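Undergrad: Contents of query.pdb (PDB, C-alpha atoms):
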```pdb
ATOM      1  CA  MET B   1      -7.320  72.930-111.053
ATOM      2  CA  ALA B   2      -4.448  70.588-110.418
ATOM      3  CA  GLN B   3      -4.361  68.726-107.102
ATOM      4  CA  PRO B   4      -2.795  71.424-104.837
ATOM      5  CA  ILE B   5      -2.746  69.243-101.708
ATOM      6  CA  THR B   6      -1.050  65.915-102.032
ATOM      7  CA  SER B   7      -1.936  62.974 -99.835
ATOM      8  CA  THR B   8       0.218  60.859 -97.588
ATOM      9  CA  LEU B   9      -2.175  58.000 -98.384
ATOM     10  CA  GLU B  10      -2.132  55.840-101.466
ATOM     11  CA  ASP B  11      -4.848  56.731-103.979
ATOM     12  CA  ALA B  12      -7.271  53.912-103.088
ATOM     13  CA  ALA B  13      -6.913  54.573 -99.348
ATOM     14  CA  ARG B  14      -7.340  58.310 -99.916
ATOM     15  CA  ASP B  15     -10.491  57.743-101.966
ATOM     16  CA  THR B  16     -12.086  55.393 -99.426
ATOM     17  CA  THR B  17     -11.151  57.612 -96.511
ATOM     18  CA  GLY B  18     -12.223  60.740 -98.347
ATOM     19  CA  ALA B  19     -15.632  59.217 -99.123
ATOM     20  CA  ALA B  20     -16.125  58.329 -95.446
ATOM     21  CA  LEU B  21     -15.188  61.842 -94.402
ATOM     22  CA  GLN B  22     -17.423  63.463 -97.031
ATOM     23  CA  LYS B  23     -20.479  61.410 -96.014
ATOM     24  CA  THR B  24     -19.841  62.300 -92.401
ATOM     25  CA  LEU B  25     -19.364  65.976 -93.219
ATOM     26  CA  VAL B  26     -22.718  66.386 -94.962
ATOM     27  CA  ASP B  27     -24.552  64.719 -92.094
ATOM     28  CA  LEU B  28     -22.833  66.934 -89.517
ATOM     29  CA  VAL B  29     -23.532  70.120 -91.481
ATOM     30  CA  ASP B  30     -27.176  69.118 -91.862
ATOM     31  CA  LEU B  31     -27.443  68.143 -88.189
ATOM     32  CA  SER B  32     -26.156  71.571 -87.176
ATOM     33  CA  LEU B  33     -28.639  73.281 -89.496
ATOM     34  CA  VAL B  34     -31.706  71.355 -88.390
ATOM     35  CA  ALA B  35     -30.749  71.720 -84.726
ATOM     36  CA  LYS B  36     -30.553  75.478 -85.231
ATOM     37  CA  GLN B  37     -33.884  75.432 -87.099
ATOM     38  CA  ALA B  38     -35.437  73.597 -84.164
ATOM     39  CA  HIS B  39     -33.791  76.068 -81.769
ATOM     40  CA  TRP B  40     -35.452  79.011 -83.522
ATOM     41  CA  ASN B  41     -38.903  77.408 -83.753
ATOM     42  CA  LEU B  42     -39.165  75.674 -80.406
ATOM     43  CA  VAL B  43     -42.215  76.115 -78.166
ATOM     44  CA  GLY B  44     -43.399  74.317 -75.051
ATOM     45  CA  ARG B  45     -42.979  74.003 -71.322
ATOM     46  CA  GLN B  46     -39.410  72.668 -71.677
ATOM     47  CA  PHE B  47     -38.430  75.542 -73.978
ATOM     48  CA  HIS B  48     -35.499  76.840 -71.948
ATOM     49  CA  ASP B  49     -33.758  73.515 -71.324
ATOM     50  CA  VAL B  50     -34.316  72.188 -74.842
ATOM     51  CA  HIS B  51     -33.312  75.540 -76.372
ATOM     52  CA  LEU B  52     -29.967  75.426 -74.549
ATOM     53  CA  HIS B  53     -29.473  71.729 -75.279
ATOM     54  CA  LEU B  54     -29.978  72.432 -78.991
ATOM     55  CA  ASP B  55     -27.202  75.028 -78.856
ATOM     56  CA  GLU B  56     -24.898  72.386 -77.374
ATOM     57  CA  LEU B  57     -25.771  70.044 -80.227
ATOM     58  CA  VAL B  58     -25.143  72.752 -82.832
ATOM     59  CA  ASP B  59     -21.735  73.429 -81.282
ATOM     60  CA  LEU B  60     -20.887  69.707 -81.271
ATOM     61  CA  ALA B  61     -21.931  69.211 -84.892
ATOM     62  CA  ARG B  62     -20.067  72.325 -86.071
ATOM     63  CA  GLU B  63     -16.914  71.435 -84.147
ATOM     64  CA  TYR B  64     -16.750  67.952 -85.637
ATOM     65  CA  ALA B  65     -17.795  69.129 -89.105
ATOM     66  CA  ASP B  66     -14.760  71.397 -89.073
ATOM     67  CA  LYS B  67     -12.461  68.606 -87.862
ATOM     68  CA  VAL B  68     -13.825  66.198 -90.475
ATOM     69  CA  ALA B  69     -13.487  68.741 -93.293
ATOM     70  CA  GLU B  70      -9.963  69.648 -92.249
ATOM     71  CA  ARG B  71      -8.990  65.971 -92.079
ATOM     72  CA  ALA B  72     -10.281  65.518 -95.625
ATOM     73  CA  ALA B  73      -8.247  68.509 -96.795
ATOM     74  CA  ALA B  74      -5.168  67.190 -94.975
ATOM     75  CA  ILE B  75      -5.311  63.947 -96.977
ATOM     76  CA  GLY B  76      -5.795  65.785-100.274
ATOM     77  CA  VAL B  77      -9.590  65.529-100.572
ATOM     78  CA  SER B  78     -11.548  68.731-101.145
ATOM     79  CA  PRO B  79     -14.402  68.780 -98.600
ATOM     80  CA  ASP B  80     -17.804  69.780 -99.960
ATOM     81  CA  GLY B  81     -20.183  71.386 -97.486
ATOM     82  CA  ARG B  82     -22.170  73.421-100.007
ATOM     83  CA  SER B  83     -25.887  73.616 -99.299
ATOM     84  CA  ARG B  84     -26.880  71.708-102.444
ATOM     85  CA  THR B  85     -24.428  68.914-101.642
ATOM     86  CA  VAL B  86     -25.685  68.688 -98.081
ATOM     87  CA  ALA B  87     -29.334  68.677 -99.179
ATOM     88  CA  ASP B  88     -28.697  65.975-101.769
ATOM     89  CA  ALA B  89     -26.510  63.665 -99.681
ATOM     90  CA  SER B  90     -27.508  63.970 -96.019
ATOM     91  CA  THR B  91     -29.095  61.048 -94.203
ATOM     92  CA  VAL B  92     -30.470  63.297 -91.451
ATOM     93  CA  PRO B  93     -34.281  63.108 -91.478
ATOM     94  CA  ALA B  94     -36.040  66.237 -92.723
ATOM     95  CA  PHE B  95     -37.215  68.658 -90.057
ATOM     96  CA  ALA B  96     -40.757  69.980 -90.390
ATOM     97  CA  GLU B  97     -41.405  73.605 -91.254
ATOM     98  CA  GLY B  98     -42.848  75.988 -88.680
ATOM     99  CA  TRP B  99     -43.191  75.959 -84.912
ATOM    100  CA  ALA B 100     -42.201  72.763 -83.166
ATOM    101  CA  ARG B 101     -43.345  71.482 -79.794
ATOM    102  CA  ASP B 102     -40.614  70.605 -77.350
ATOM    103  CA  ARG B 103     -41.580  66.918 -77.125
ATOM    104  CA  ASP B 104     -41.553  66.629 -80.941
ATOM    105  CA  VAL B 105     -38.162  68.304 -81.165
ATOM    106  CA  ILE B 106     -36.739  66.003 -78.506
ATOM    107  CA  ARG B 107     -37.964  62.922 -80.364
ATOM    108  CA  TYR B 108     -36.760  64.302 -83.708
ATOM    109  CA  VAL B 109     -33.264  65.110 -82.401
ATOM    110  CA  TYR B 110     -32.919  61.658 -80.892
ATOM    111  CA  GLU B 111     -33.923  60.102 -84.238
ATOM    112  CA  ALA B 112     -31.585  62.423 -86.170
ATOM    113  CA  LEU B 113     -28.664  61.527 -83.910
ATOM    114  CA  ASP B 114     -29.517  57.861 -84.280
ATOM    115  CA  ALA B 115     -29.394  58.220 -88.081
ATOM    116  CA  VAL B 116     -26.031  60.002 -88.010
ATOM    117  CA  VAL B 117     -24.483  57.461 -85.627
ATOM    118  CA  SER B 118     -25.845  54.604 -87.745
ATOM    119  CA  GLY B 119     -24.165  56.153 -90.763
ATOM    120  CA  VAL B 120     -20.799  56.796 -89.143
ATOM    121  CA  ARG B 121     -20.350  53.431 -87.398
ATOM    122  CA  PRO B 122     -19.737  51.406 -90.627
ATOM    123  CA  ARG B 123     -17.138  54.001 -91.633
ATOM    124  CA  LEU B 124     -15.087  52.969 -88.620
ATOM    125  CA  GLU B 125     -14.436  49.639 -90.311
ATOM    126  CA  ASP B 126     -13.745  51.278 -93.682
ATOM    127  CA  THR B 127     -11.151  53.627 -92.239
ATOM    128  CA  GLU B 128      -9.565  50.933 -90.079
ATOM    129  CA  LYS B 129      -8.194  49.511 -93.319
ATOM    130  CA  THR B 130      -7.240  52.827 -94.929
ATOM    131  CA  ASP B 131      -6.333  55.465 -92.342
ATOM    132  CA  LEU B 132      -6.157  54.987 -88.592
ATOM    133  CA  VAL B 133      -5.871  58.737 -87.968
ATOM    134  CA  THR B 134      -9.246  59.269 -89.607
ATOM    135  CA  GLN B 135     -10.631  56.260 -87.772
ATOM    136  CA  ASP B 136      -9.543  57.847 -84.470
ATOM    137  CA  LEU B 137     -11.388  61.036 -85.409
ATOM    138  CA  LEU B 138     -14.518  59.085 -86.294
ATOM    139  CA  ILE B 139     -14.292  57.071 -83.056
ATOM    140  CA  ALA B 140     -14.205  60.293 -81.042
ATOM    141  CA  LEU B 141     -17.124  61.619 -83.090
ATOM    142  CA  VAL B 142     -19.218  58.487 -82.495
ATOM    143  CA  ALA B 143     -18.495  58.687 -78.760
ATOM    144  CA  ALA B 144     -19.675  62.315 -78.647
ATOM    145  CA  LEU B 145     -22.741  61.642 -80.801
ATOM    146  CA  GLU B 146     -23.737  58.566 -78.809
ATOM    147  CA  GLU B 147     -23.495  60.539 -75.590
ATOM    148  CA  ALA B 148     -25.742  63.221 -77.083
ATOM    149  CA  ARG B 149     -28.100  60.534 -78.432
ATOM    150  CA  TRP B 150     -28.385  59.005 -74.964
ATOM    151  CA  MET B 151     -29.273  62.369 -73.413
ATOM    152  CA  TRP B 152     -31.911  63.168 -76.035
ATOM    153  CA  GLN B 153     -33.334  59.654 -75.823
ATOM    154  CA  ALA B 154     -33.596  59.952 -72.030
ATOM    155  CA  GLN B 155     -35.631  63.135 -72.496
ATOM    156  CA  ALA B 156     -37.856  61.484 -75.088
ATOM    157  CA  LYS B 157     -38.494  58.551 -72.736
ATOM    158  CA  GLY B 158     -39.665  61.033 -70.119
ATOM    159  CA  TYR B 159     -42.498  62.090 -72.404
ATOM    160  CA  GLU B 160     -43.414  58.482 -73.182
ATOM    161  CA  ASP B 161     -43.507  57.612 -69.496
ATOM    162  CA  ASP B 162     -45.794  60.496 -68.521
ATOM    163  CA  GLY B 163     -48.361  59.494 -71.141
ATOM    164  CA  LYS B 164     -48.031  62.689 -73.163
ATOM    165  CA  SER B 165     -46.209  61.409 -76.244
TER     166      SER B 165
END
```
What would the structure in this file look like if it were written as structure tokens?

TA:
Amino acid sequence: MAQPITSTLEDAARDTTGAALQKTLVDLVDLSLVAKQAHWNLVGRQFHDVHLHLDELVDLAREYADKVAERAAAIGVSPDGRSRTVADASTVPAFAEGWARDRDVIRYVYEALDAVVSGVRPRLEDTEKTDLVTQDLLIALVAALEEARWMWQAQAKGYEDDGKS
């Protein structure tokens, strides 16, 4: 199919920006999926709080995945959130199959958020040179993810401090 959506960016800037958005999209889609998987399989004394916190993370990841995908489309790049693409390209660590203890989920989510933030941060520099609108979106995303990372890390530290990790 011919390019139905034209870009306001020059080709090289569109390609660089589109690649940054695509990498971010697959990580956000995967983050939302593994957070929901953890939500369904969670057990432990902190079930209720962690269960609700996982829903907040799913909402955050889905909200930004949609914004990232729509930004890609707006600059003429077809976003690809298909399951095979996500499975092949995501940097989110794999989540174990089966029931998951609350303390393990908390540690996993912190590590998953850390991986996503670590992936997005270098894209801030890439998009600074190619598209400041996309960079603004990614800055807002990093701020939201780092806040979530902090909250999950604080919970994980609670388990380390009580000697039950």

Undergrad: Evaluate the PyMOL selection byres ((chain B and resi 113) around 9) on the structure here and hand back the selected residues as an MDAnalysis selection string.

TA: chainID B and resid 31 92 108:112 114:118 145:146 148:149 152

Undergrad: Which residues, written as a tab-separated table (two decimals) with C-alpha atoms, keeping the file's coordinate frame, have at least one atom at most 12 Å from Glu128 (chain B), with all atoms listed in the file counted and residues fewer than 6 positions away on the same chain left out?

TA:
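Generated file (out35.tsv):
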```
chain	number	residue	atom	x	y	z
B	13	ALA	CA	-6.91	54.57	-99.35
B	16	THR	CA	-12.09	55.39	-99.43
B	17	THR	CA	-11.15	57.61	-96.51
B	20	ALA	CA	-16.12	58.33	-95.45
B	121	ARG	CA	-20.35	53.43	-87.40
B	122	PRO	CA	-19.74	51.41	-90.63
B	134	THR	CA	-9.25	59.27	-89.61
B	135	GLN	CA	-10.63	56.26	-87.77
B	136	ASP	CA	-9.54	57.85	-84.47
B	137	LEU	CA	-11.39	61.04	-85.41
B	138	LEU	CA	-14.52	59.08	-86.29
B	139	ILE	CA	-14.29	57.07	-83.06
```

Undergrad: Please measure the separation of CA of Ala35 (chain B) and CA of Leu54 (chain B), giving the value in Å to one decimal.

TA: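 CA of Ala35 (chain B) sits 5.8 Å away from CA of Leu54 (chain B).
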
Undergrad: Could you check which of B:Ala73, B:Val86, B:Ala2, B:Val68 is closest to Val29 (chain B), using only C-alpha atoms?

TA: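 Among B:Ala73, B:Val86, B:Ala2, B:Val68, it is B:Val86 that comes nearest to Val29 (chain B).
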
Undergrad: Given the file shown, determine the residues that the PyMOL selection byres ((chain B and resi 107) around 12) selects; report them as a PyMOL selection string.

TA: chain B and resi 38+50+93+95+100-106+108-114+149-160+165

Undergrad: Show me, as a ChimeraX atom specification, the residues that have an atom within 7 Å of Arg62 (chain B) when counting only C-alpha atoms, minus same-chain residues fewer than 2 positions from it.

TA: /B:28-29,32,58-60,64-66

Undergrad: Return as JSON the box centre and box size in Å, one decimal, for an axis-aligned box around all listed atoms of region 28-38 of chain B padded by 5 Å per side.

TA:
```
{"center_x": -29.1, "center_y": 71.2, "center_z": -88.0, "size_x": 22.6, "size_y": 18.5, "size_z": 17.7}
```

Undergrad: Using only C-alpha atoms, which of the listed residues (B:Leu141, B:Asp88, B:Thr130, B:Arg14) sits closest to Ala61 (chain B)?

TA: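 The answer is B:Leu141, which sits nearest to Ala61 (chain B).
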
Undergrad: Take CA of Glu10 (chain B) and CA of Val142 (chain B) and report the distance between them in Å, one decimal.

TA: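 Separating CA of Glu10 (chain B) from CA of Val142 (chain B) is a distance of 25.7 Å.
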
Undergrad: Nearest to Gly81 (chain B): which of B:Val43, B:Ala69, B:Val34, B:Ala12 is it, counting all atoms listed in the file?

TA: B:Ala69

Undergrad: Measuring between all atoms listed in the file, which one of B:Thr85, B:Thr127, B:Gln22, B:Asn41 shows the shortest distance to Lys67 (chain B)?

TA: B:Gln22

Undergrad: Record the distance separating CA of His53 (chain B) and CA of Arg84 (chain B), expressed in Å with one decimal.

TA: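 The value is 27.3 Å.
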
Undergrad: List the neighbours of Pro4 (chain B) out to 12 Å using only C-alpha atoms; skip same-chain residues closer than 4 positions along the sequence, and give me the result as a list in words.

TA: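 Returned residues: Ala73, Ala74, Ile75, Gly76, Val77 and Ser78 of chain B.
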
Undergrad: Taking the partial coordinates given, rebuild region 111-133 of chain B to contain N, CA, C and O atoms; return it as an mmCIF file, in the coordinates of the input.

TA:
```
data_model
loop_
_atom_site.group_PDB
_atom_site.id
_atom_site.type_symbol
_atom_site.label_atom_id
_atom_site.label_comp_id
_atom_site.auth_asym_id
_atom_site.auth_seq_id
_atom_site.Cartn_x
_atom_site.Cartn_y
_atom_site.Cartn_z
ATOM 1 N N GLU B 111 -33.893 60.880 -82.992
ATOM 2 C CA GLU B 111 -33.923 60.102 -84.238
ATOM 3 C C GLU B 111 -32.854 60.581 -85.224
ATOM 4 O O GLU B 111 -32.229 59.772 -85.920
ATOM 5 N N ALA B 112 -32.621 61.885 -85.287
ATOM 6 C CA ALA B 112 -31.585 62.423 -86.170
ATOM 7 C C ALA B 112 -30.202 61.954 -85.722
ATOM 8 O O ALA B 112 -29.372 61.541 -86.542
ATOM 9 N N LEU B 113 -29.948 62.010 -84.431
ATOM 10 C CA LEU B 113 -28.664 61.527 -83.910
ATOM 11 C C LEU B 113 -28.498 60.041 -84.168
ATOM 12 O O LEU B 113 -27.405 59.588 -84.524
ATOM 13 N N ASP B 114 -29.564 59.290 -84.010
ATOM 14 C CA ASP B 114 -29.517 57.861 -84.280
ATOM 15 C C ASP B 114 -29.140 57.602 -85.741
ATOM 16 O O ASP B 114 -28.317 56.733 -86.034
ATOM 17 N N ALA B 115 -29.701 58.381 -86.652
ATOM 18 C CA ALA B 115 -29.394 58.220 -88.081
ATOM 19 C C ALA B 115 -27.927 58.550 -88.367
ATOM 20 O O ALA B 115 -27.258 57.832 -89.120
ATOM 21 N N VAL B 116 -27.428 59.616 -87.767
ATOM 22 C CA VAL B 116 -26.031 60.002 -88.010
ATOM 23 C C VAL B 116 -25.082 58.947 -87.447
ATOM 24 O O VAL B 116 -24.141 58.523 -88.124
ATOM 25 N N VAL B 117 -25.337 58.500 -86.232
ATOM 26 C CA VAL B 117 -24.483 57.461 -85.627
ATOM 27 C C VAL B 117 -24.521 56.191 -86.476
ATOM 28 O O VAL B 117 -23.481 55.580 -86.742
ATOM 29 N N SER B 118 -25.713 55.809 -86.911
ATOM 30 C CA SER B 118 -25.845 54.604 -87.745
ATOM 31 C C SER B 118 -25.066 54.729 -89.047
ATOM 32 O O SER B 118 -24.577 53.733 -89.575
ATOM 33 N N GLY B 119 -24.945 55.936 -89.550
ATOM 34 C CA GLY B 119 -24.165 56.153 -90.763
ATOM 35 C C GLY B 119 -22.667 56.143 -90.530
ATOM 36 O O GLY B 119 -21.898 55.652 -91.361
ATOM 37 N N VAL B 120 -22.241 56.681 -89.410
ATOM 38 C CA VAL B 120 -20.799 56.796 -89.143
ATOM 39 C C VAL B 120 -20.200 55.459 -88.703
ATOM 40 O O VAL B 120 -19.073 55.129 -89.091
ATOM 41 N N ARG B 121 -20.917 54.681 -87.937
ATOM 42 C CA ARG B 121 -20.350 53.431 -87.398
ATOM 43 C C ARG B 121 -19.730 52.520 -88.466
ATOM 44 O O ARG B 121 -18.622 52.027 -88.270
ATOM 45 N N PRO B 122 -20.381 52.263 -89.616
ATOM 46 C CA PRO B 122 -19.737 51.406 -90.627
ATOM 47 C C PRO B 122 -18.451 52.027 -91.196
ATOM 48 O O PRO B 122 -17.567 51.306 -91.652
ATOM 49 N N ARG B 123 -18.345 53.326 -91.128
ATOM 50 C CA ARG B 123 -17.138 54.001 -91.633
ATOM 51 C C ARG B 123 -15.944 53.748 -90.734
ATOM 52 O O ARG B 123 -14.793 53.914 -91.162
ATOM 53 N N LEU B 124 -16.191 53.334 -89.502
ATOM 54 C CA LEU B 124 -15.087 52.969 -88.620
ATOM 55 C C LEU B 124 -14.328 51.774 -89.196
ATOM 56 O O LEU B 124 -13.095 51.761 -89.202
ATOM 57 N N GLU B 125 -15.075 50.808 -89.684
ATOM 58 C CA GLU B 125 -14.436 49.639 -90.311
ATOM 59 C C GLU B 125 -13.723 50.021 -91.601
ATOM 60 O O GLU B 125 -12.614 49.558 -91.862
ATOM 61 N N ASP B 126 -14.360 50.858 -92.416
ATOM 62 C CA ASP B 126 -13.745 51.278 -93.682
ATOM 63 C C ASP B 126 -12.407 51.964 -93.444
ATOM 64 O O ASP B 126 -11.423 51.680 -94.124
ATOM 65 N N THR B 127 -12.372 52.860 -92.469
ATOM 66 C CA THR B 127 -11.151 53.627 -92.239
ATOM 67 C C THR B 127 -10.112 52.857 -91.429
ATOM 68 O O THR B 127 -8.942 53.226 -91.436
ATOM 69 N N GLU B 128 -10.533 51.782 -90.772
ATOM 70 C CA GLU B 128 -9.565 50.933 -90.079
ATOM 71 C C GLU B 128 -8.570 50.361 -91.083
ATOM 72 O O GLU B 128 -7.389 50.187 -90.776
ATOM 73 N N LYS B 129 -9.034 50.108 -92.286
ATOM 74 C CA LYS B 129 -8.194 49.511 -93.319
ATOM 75 C C LYS B 129 -7.402 50.558 -94.108
ATOM 76 O O LYS B 129 -6.429 50.217 -94.769
ATOM 77 N N THR B 130 -7.844 51.826 -94.048
ATOM 78 C CA THR B 130 -7.240 52.827 -94.929
ATOM 79 C C THR B 130 -6.495 53.942 -94.212
ATOM 80 O O THR B 130 -5.530 54.470 -94.748
ATOM 81 N N ASP B 131 -6.966 54.326 -93.017
ATOM 82 C CA ASP B 131 -6.333 55.465 -92.342
ATOM 83 C C ASP B 131 -6.748 55.495 -90.876
ATOM 84 O O ASP B 131 -7.849 55.928 -90.539
ATOM 85 N N LEU B 132 -5.853 55.065 -90.019
ATOM 86 C CA LEU B 132 -6.157 54.987 -88.592
ATOM 87 C C LEU B 132 -6.330 56.364 -87.950
ATOM 88 O O LEU B 132 -7.062 56.497 -86.964
ATOM 89 N N VAL B 133 -5.697 57.376 -88.503
ATOM 90 C CA VAL B 133 -5.871 58.737 -87.968
ATOM 91 C C VAL B 133 -7.319 59.178 -88.165
ATOM 92 O O VAL B 133 -7.954 59.706 -87.241
#
```
